[in-house]
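Notes follow once the structure below has been shown.
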There are 2 protein chains.
Amino acid sequence: MKRKKPTIHDVAAKAGVGLGTVSRVLNDHPAVRHETRARVLRAMEELGYAPNPHARRIAGGRSYTVSVLLPFVATEFYRRLVEGIEGVLLEQRYDLALFPILSLARLKRYLENTTLAYLTDGLILASYDLTERFEEGRLPTERPVVLVDAQNPRYDSVYLDNRLGGRLAGAYLARFPGPIFAIAVEEEPDRAFRRTVFAERMAGFQEALKEAGRPFSPDRLYITRHSQEGGRLALRHFLEKASPPLNVFAGADQVALGVLEEAVRLGLTPGRDVRVLGFDGHPFAEEAGLSTIAQPVEAMGARAAQLLLERMRGYQGPPREVRFEPVLVERASTGTPPAALYVP
Amino acid sequence: MKRKKPTIHDVAAKAGVGLGTVSRVLNDHPAVRHETRARVLRAMEELGYAPNPHARRIAGGRSYTVSVLLPFVATEFYRRLVEGIEGVLLEQRYDLALFPILSLARLKRYLENTTLAYLTDGLILASYDLTERFEEGRLPTERPVVLVDAQNPRYDSVYLDNRLGGRLAGAYLARFPGPIFAIAVEEEPDRAFRRTVFAERMAGFQEALKEAGRPFSPDRLYITRHSQEGGRLALRHFLEKASPPLNVFAGADQVALGVLEEAVRLGLTPGRDVRVLGFDGHPFAEEAGLSTIAQPVEAMGARAAQLLLERMRGYQGPPREVRFEPVLVERASTGTPPAALYVP
DNA sequence: CTGAAAGCGCTTACAG
DNA sequence: CTGAAAGCGCTTACAG
C-alpha cells in the first residue's frame, strides 16, 4: 500500500540528471540551467518528493536549525515574534526549534553540548537579560547568537524603543481633560526572566507627562500581573480615586482590554467616560477598537532571523543594534475615529 | 584550537573494538560482554564523545523524536506534564519536540508531511478534543498517537478523573459551616482548544454537594479566566453576597491563589474567615499553604510517553485508557494542619 | 552548467 | 559476543 518515500535518486533518474544537479536545485544553487531546473522540479512534483532533512544535516555537517529560546509565557507577543522569525527561516530552508525556558536550570541545560538546542547552527534569545545570569554576560556557546526584545553590547540586538513608546503615550493622553492613570505590568518574581520593558514604558510615559506640564503622581499608578483581570481591578481602583471622565494608559494591550471590559460592565462608555490606551498593537486590539502604542513585533522577529542568518554565513563584524520605533494608533477607546494614525 | 568532535570511529579505535560494538553499547544492546562495554564506555568518557543524533536518525531510518502538541498556554500544568513526558523519553534516547498549537491552522500544518512534526516517530497530543475538529475524530497521520489530559476511544488516552476531583472537593467543603462558593475557569473563546476539564470538575462538585444535602445555588458561581486576578475579583464578588466565614472552591490553583491574596489584602484570615480549596496540586500551592485537589501531572505525562513508546515499538492492541485519580491535600487555607492527607 | 564519486556518522543484518 | 560491510539520503568539491 505505502510505497517508500522517493529519494533524491528517484528524482535524478526521473529527470534524467545526476544526483548533484538535484541537490543544486534543492539548494537554489545558481549554476543550474533554467531548463534543467524546471525538469528536476517537475520530477519532484510528480514523485511527491520531499527532502529528508536528517540526511541533509549529516551530509552538510550542519543542523539547518535555529534554536529560539524564549520565556515560558504564552502571550500574543511571542506568537507574533515566532511568526516573524519563522517566516524568514523557512524561506531559507531552516527549521526552527522552540525552547521555552521554564527555568534557569533549563536554560543552562539547553546550552550543554549534549542537548538538542546545542546542536543547532545559531540561536535567537528573546527577552532575556544576559548580564545578570552569566559570567561576562556571554552565553556559554560558540554559535552565533542574536538577541531580540533585549539589548546587550556583545551581541546583535533587535529591540523596541520602549521609552519612546511611553513618551508617545504620555504626550497623547496629556491632550485630554480629566485625571491620568497608568497601569504597570509586573513580572512574576519566580520567573527566570526579568524584563525591563515595562519599566521603560512607564519611565517614558512619566517623562512626557512632566514635559507637558501634567506631572504624574505615583498614587495614580496601579501594578498588576499581565492579565485581563488585572485591568479590571485597576479600573475599579481608579474609580475609587476619581470620577469619570478619566484617562488610562495600560502598559500592555491585554491589560487595557480588561479596563475596557470593566468599563462596559460598569455602564461606562469607553472613549468618553474612560479613555484607554494600550501598548503592543496586537491584532485583538484592533478588533476591540483599542487605541494603542503599536510595536512591529513580526518585523522585529524577521530582522533578528536575518541578522542570525548572516552570522551563520560567516559575517564577522561587530555587534549590531537594530532599534525599532513604536507608533501610536488611535481608535475608539480614546474617542477618536478608528484606525487613524496620530502624527504629533 | 577546536579539534573536531570525536566520532564513533575514534571511540572504536581507542577501545580496540569494531564500530558495531560501539553502536551496540550506545543502544544498550544486551549482546555485549560486560567488560567490553566498560572499555567502550571508558573510551567515550576520555574522548568526550557525544553521538550525533542526525547520523543516528538517517542510519536508523527513524527520527528518534516524539512531537508533543500542546495548547499555547504557559501554565504550571504543562510545565509539569512536559517534565513527566521528557523524563521517560530521554531515558530511551528519544528527543522531544514541543509544538505549541497557536491556532487550528497551525495544528493542521504541523501534520502536513513536509513539516517537522510530521517527521517524528510518534506524537502526544495534550488536552485536545479531537472529535470536533477532524473527520471521524482521527488525526491525519499514520504515526502512533497518544492523548493525555484528554480522552478519545480511538486512541490510547491518559487522563484525570476530573469529576471525581470535583466530588472530593464538594464532599470536603460540605463539612464546613458557612456558605459555599465556587469559581469556574473559562477558556478564551478564540483558542483552538476547548477543554472540558473545568466543566467536569464543577459537575462533580455540585453532585457531591447535593448528595451532602447542601445543594449548590447557581448564583454562588463566579466565572473567570485562568488568572490569579480572576480569583481576586471572585472573592470580592462573593463578599458582596455573604459575610465571612465562607468557603470557596476554585477550579484551579492559580485562581485559588488569587482568592488567598485578596483575602489577605482585605485583612481576612485564610482558613478561618475564608476557606479556600484549589485544584491541581502544583508546587506553588504547597508553598502558599493552599489546600487542593492534587493531580499527578508528571505521572500522567510519563505514562503517556510509555504508552507511546510501546506503540512505536510495534504494539498493536486496541486503544488503552489510563485513568488517574486526584487526591485531596489539606493545608492551612482550609484551616487544617499542613500536608495532611484527607481520607474520607 | 553538469556528472560521478567520496564522505557525513551512524545502524543493522550477516557471518563467524 | 563481536567485526566488517553495506547502506541510510543527502552535500560538496573535483573534473570536465
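We label chains A, B, ... in the order they appear in the C-alpha cells, count residues from 1 in each chain, and number ligands from 1 in the order shown.
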
Subject >> Spatial neighbours of Phe238 of chain A, 9 Å, only C-alpha atoms (C1' of nucleotides), chain gap at least 3 places, as a PyMOL selection string >> reply: chain A and resi 181+220-222+233-235+241-243+246+248

May I have the residues from that selection written out with N, CA, C and O atoms, as a CSV table (one decimal), in the first residue's frame?
```
chain,number,residue,atom,x,y,z
A,181,PHE,N,-4.3,58.1,34.7
A,181,PHE,CA,-3.9,57.0,35.4
A,181,PHE,C,-3.0,56.1,34.6
A,181,PHE,O,-3.0,56.1,33.3
A,220,ARG,N,-1.3,57.4,41.3
A,220,ARG,CA,-2.2,57.1,40.2
A,220,ARG,C,-1.7,55.9,39.3
A,220,ARG,O,-2.1,55.7,38.2
A,221,LEU,N,-0.8,55.2,39.9
A,221,LEU,CA,-0.2,54.0,39.3
A,221,LEU,C,-0.7,52.8,39.9
A,221,LEU,O,-0.7,52.7,41.2
A,222,TYR,N,-1.2,51.9,39.1
A,222,TYR,CA,-1.6,50.6,39.6
A,222,TYR,C,-0.7,49.5,39.0
A,222,TYR,O,-0.4,49.5,37.8
A,233,LEU,N,-9.4,45.1,37.7
A,233,LEU,CA,-9.1,45.5,39.1
A,233,LEU,C,-8.6,47.0,39.1
A,233,LEU,O,-8.9,47.8,39.9
A,234,ALA,N,-7.7,47.2,38.1
A,234,ALA,CA,-7.1,48.6,38.1
A,234,ALA,C,-8.2,49.7,37.9
A,234,ALA,O,-8.2,50.7,38.6
A,235,LEU,N,-9.1,49.4,37.0
A,235,LEU,CA,-10.1,50.4,36.7
A,235,LEU,C,-11.0,50.6,38.0
A,235,LEU,O,-11.3,51.8,38.4
A,241,LYS,N,-10.8,56.6,43.2
A,241,LYS,CA,-10.0,57.8,43.4
A,241,LYS,C,-10.5,59.0,42.6
A,241,LYS,O,-10.2,60.2,43.0
A,242,ALA,N,-11.2,58.8,41.5
A,242,ALA,CA,-11.7,59.9,40.7
A,242,ALA,C,-12.9,59.5,39.9
A,242,ALA,O,-13.2,58.3,39.8
A,243,SER,N,-13.7,60.5,39.5
A,243,SER,CA,-14.9,60.2,38.8
A,243,SER,C,-14.6,60.4,37.3
A,243,SER,O,-13.7,61.2,36.9
A,246,LEU,N,-12.0,59.8,32.9
A,246,LEU,CA,-10.6,59.7,33.2
A,246,LEU,C,-9.9,58.9,32.1
A,246,LEU,O,-10.5,58.3,31.2
A,248,VAL,N,-6.7,56.4,31.0
A,248,VAL,CA,-5.8,55.3,31.5
A,248,VAL,C,-4.8,54.8,30.4
A,248,VAL,O,-5.2,54.5,29.3
```

Contact check, chain C to chain B, at most 6 Å, counting only C-alpha atoms (C1' of nucleotides), closest pairs as JSON lines:
```
{"residue": "C:DG9", "atom": "C1'", "partner": "B:Ala55", "partner_atom": "CA", "distance": 4.9}
{"residue": "C:DC10", "atom": "C1'", "partner": "B:Ala55", "partner_atom": "CA", "distance": 4.7}
{"residue": "C:DT11", "atom": "C1'", "partner": "B:Ala59", "partner_atom": "CA", "distance": 5.2}
```

Subject >> Non-local contacts of segment 266-275 of chain B (7 Å; only C-alpha atoms (C1' of nucleotides); under 4 positions in same chain excluded) as a ChimeraX atom specification >> reply: /B:244-248,260,262,332-335

Please produce an output containing N, CA and C atoms for each residue in the selection, written as a compact mmCIF listing (two decimals), in the first residue's frame.
```
# COMPACT_ATOMS: atom_id res chain seq x y z
N PRO B 244 -18.11 36.67 55.97
CA PRO B 244 -17.28 35.58 56.45
C PRO B 244 -17.90 34.97 57.70
N PRO B 245 -17.63 33.71 58.00
CA PRO B 245 -16.75 32.85 57.21
C PRO B 245 -17.45 32.29 55.98
N LEU B 246 -16.68 32.12 54.93
CA LEU B 246 -17.24 31.46 53.75
C LEU B 246 -16.21 30.51 53.14
N ASN B 247 -16.72 29.63 52.29
CA ASN B 247 -15.89 28.57 51.72
C ASN B 247 -15.84 28.70 50.21
N VAL B 248 -14.65 28.57 49.66
CA VAL B 248 -14.51 28.77 48.22
C VAL B 248 -13.76 27.61 47.58
N LEU B 260 -6.74 33.78 47.92
CA LEU B 260 -5.90 33.91 49.11
C LEU B 260 -5.30 35.32 49.20
N GLU B 262 -6.27 38.11 47.85
CA GLU B 262 -7.27 39.15 48.12
C GLU B 262 -7.75 39.08 49.57
N ALA B 332 -3.21 24.76 55.26
CA ALA B 332 -3.72 25.83 56.13
C ALA B 332 -4.88 26.62 55.52
N SER B 333 -4.98 26.67 54.23
CA SER B 333 -6.01 27.52 53.63
C SER B 333 -7.43 27.05 53.92
N THR B 334 -7.56 25.81 54.39
CA THR B 334 -8.89 25.37 54.86
C THR B 334 -8.86 25.16 56.37
N GLY B 335 -7.85 25.72 56.98
CA GLY B 335 -7.80 25.70 58.43
C GLY B 335 -7.36 24.40 59.04
```

Subject >> Check: which chain B residues lie within 8 Å of chain A using only C-alpha atoms, as a ChimeraX atom specification >> reply: /B:50,54-55,57-58,72-74,79,95,97-99,102,114,116,225,227,229-230,233

Subject >> Backbone DSSP call of alpha helix (DSSP H) for segment 258-340 of chain B, listed as a list in words >> reply: Gly258, Val259, Leu260, Glu261, Glu262, Ala263, Val264, Arg265, Pro283, Phe284, Ala285, Glu286, Glu287, Val297, Glu298, Ala299, Met300, Gly301, Ala302, Arg303, Ala304, Ala305, Gln306, Leu307, Leu308, Leu309, Glu310, Arg311 and Met312 of chain B

Could the residues in this selection be saved with N, CA, C and O atoms as a compact mmCIF listing (two decimals), in the first residue's frame?
```
# COMPACT_ATOMS: atom_id res chain seq x y z
N GLY B 258 -5.23 33.64 43.97
CA GLY B 258 -5.75 35.00 43.94
C GLY B 258 -6.75 35.24 45.06
O GLY B 258 -6.80 36.32 45.65
N VAL B 259 -7.56 34.22 45.34
CA VAL B 259 -8.51 34.34 46.45
C VAL B 259 -7.76 34.57 47.75
O VAL B 259 -8.08 35.45 48.54
N LEU B 260 -6.74 33.78 47.92
CA LEU B 260 -5.90 33.91 49.11
C LEU B 260 -5.30 35.32 49.20
O LEU B 260 -5.31 35.97 50.24
N GLU B 261 -4.75 35.75 48.07
CA GLU B 261 -4.12 37.07 48.03
C GLU B 261 -5.10 38.17 48.42
O GLU B 261 -4.80 39.03 49.25
N GLU B 262 -6.27 38.11 47.85
CA GLU B 262 -7.27 39.15 48.12
C GLU B 262 -7.75 39.08 49.57
O GLU B 262 -7.97 40.11 50.21
N ALA B 263 -7.90 37.86 50.07
CA ALA B 263 -8.32 37.71 51.47
C ALA B 263 -7.34 38.44 52.38
O ALA B 263 -7.73 39.23 53.24
N VAL B 264 -6.07 38.20 52.16
CA VAL B 264 -5.05 38.83 52.98
C VAL B 264 -5.09 40.34 52.83
O VAL B 264 -5.03 41.09 53.81
N ARG B 265 -5.23 40.80 51.60
CA ARG B 265 -5.32 42.25 51.36
C ARG B 265 -6.46 42.88 52.14
O ARG B 265 -6.38 44.02 52.56
N PRO B 283 3.25 22.72 42.77
CA PRO B 283 4.22 23.02 43.82
C PRO B 283 3.95 24.35 44.53
O PRO B 283 4.09 24.45 45.74
N PHE B 284 3.56 25.36 43.77
CA PHE B 284 3.36 26.65 44.42
C PHE B 284 2.20 26.62 45.42
O PHE B 284 2.13 27.45 46.32
N ALA B 285 1.30 25.66 45.25
CA ALA B 285 0.19 25.55 46.19
C ALA B 285 0.72 25.14 47.56
O ALA B 285 0.23 25.60 48.59
N GLU B 286 1.70 24.30 47.55
CA GLU B 286 2.28 23.88 48.82
C GLU B 286 2.94 25.06 49.53
O GLU B 286 2.71 25.28 50.72
N GLU B 287 3.71 25.80 48.77
CA GLU B 287 4.36 26.97 49.36
C GLU B 287 3.36 27.94 49.96
O GLU B 287 3.63 28.58 50.97
N VAL B 297 0.31 15.14 37.71
CA VAL B 297 0.55 15.55 36.33
C VAL B 297 1.78 14.88 35.73
O VAL B 297 1.75 14.37 34.60
N GLU B 298 2.89 14.90 36.47
CA GLU B 298 4.11 14.30 35.95
C GLU B 298 3.89 12.82 35.63
O GLU B 298 4.35 12.32 34.59
N ALA B 299 3.21 12.13 36.53
CA ALA B 299 2.96 10.70 36.30
C ALA B 299 2.10 10.49 35.06
O ALA B 299 2.29 9.54 34.30
N MET B 300 1.16 11.38 34.85
CA MET B 300 0.32 11.26 33.66
C MET B 300 1.16 11.43 32.40
O MET B 300 1.01 10.69 31.43
N GLY B 301 2.04 12.41 32.44
CA GLY B 301 2.92 12.62 31.30
C GLY B 301 3.82 11.42 31.05
O GLY B 301 3.99 10.97 29.91
N ALA B 302 4.37 10.88 32.13
CA ALA B 302 5.28 9.74 31.99
C ALA B 302 4.54 8.54 31.41
O ALA B 302 5.04 7.84 30.52
N ARG B 303 3.33 8.33 31.90
CA ARG B 303 2.55 7.19 31.41
C ARG B 303 2.25 7.35 29.92
O ARG B 303 2.33 6.38 29.16
N ALA B 304 1.90 8.53 29.53
CA ALA B 304 1.61 8.77 28.11
C ALA B 304 2.84 8.46 27.26
O ALA B 304 2.73 7.82 26.20
N ALA B 305 3.98 8.87 27.74
CA ALA B 305 5.22 8.60 27.00
C ALA B 305 5.47 7.10 26.90
O ALA B 305 5.87 6.59 25.84
N GLN B 306 5.21 6.38 27.96
CA GLN B 306 5.40 4.93 27.92
C GLN B 306 4.47 4.26 26.92
O GLN B 306 4.89 3.41 26.13
N LEU B 307 3.22 4.65 26.96
CA LEU B 307 2.27 4.05 26.02
C LEU B 307 2.71 4.31 24.58
O LEU B 307 2.64 3.43 23.72
N LEU B 308 3.19 5.52 24.35
CA LEU B 308 3.60 5.86 23.00
C LEU B 308 4.82 5.03 22.58
O LEU B 308 4.88 4.50 21.47
N LEU B 309 5.76 4.92 23.47
CA LEU B 309 6.97 4.14 23.18
C LEU B 309 6.57 2.71 22.82
O LEU B 309 7.11 2.12 21.87
N GLU B 310 5.64 2.14 23.53
CA GLU B 310 5.18 0.79 23.22
C GLU B 310 4.60 0.71 21.81
O GLU B 310 4.89 -0.21 21.05
N ARG B 311 3.80 1.68 21.48
CA ARG B 311 3.22 1.71 20.13
C ARG B 311 4.33 1.84 19.08
O ARG B 311 4.29 1.20 18.04
N MET B 312 5.29 2.67 19.35
CA MET B 312 6.35 2.89 18.37
C MET B 312 7.17 1.62 18.20
O MET B 312 7.77 1.40 17.16
```

**OP:** Name the residues in contact with Leu147 of chain A at a cut-off of 10 Å, using only C-alpha atoms (C1' of nucleotides), excluding same-chain residues fewer than 2 positions from it; report them as a PyMOL selection string.
**Re:** chain A and resi 68-69+123-130+145+149-152+154-159+301+304-305+307-308+321

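Taking atom CA of Phe216 of chain B and atom CA of Ala203 of chain B as the two end points, the separation is 10.5 Å.
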
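Atom CA of Ile183 of chain A to atom CA of Gln295 of chain A spans 18.2 Å [interatomic distance, one decimal].
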
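Within segment 11-91 of chain B, DSSP applied to the backbone places the following residues in strand (DSSP E or B): B:Thr65, B:Val66, B:Ser67, B:Val68, B:Leu69, B:Leu70, B:Pro71.
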
**OP:** Tell me which protein, DNA and RNA residues are within 12 Å of DG16 of chain D, counting only C-alpha atoms (C1' of nucleotides), leaving out same-chain ones fewer than 5 positions away, and put them as a list in words.
**Re:** DC1, DT2, DG3 and DA4 of chain C
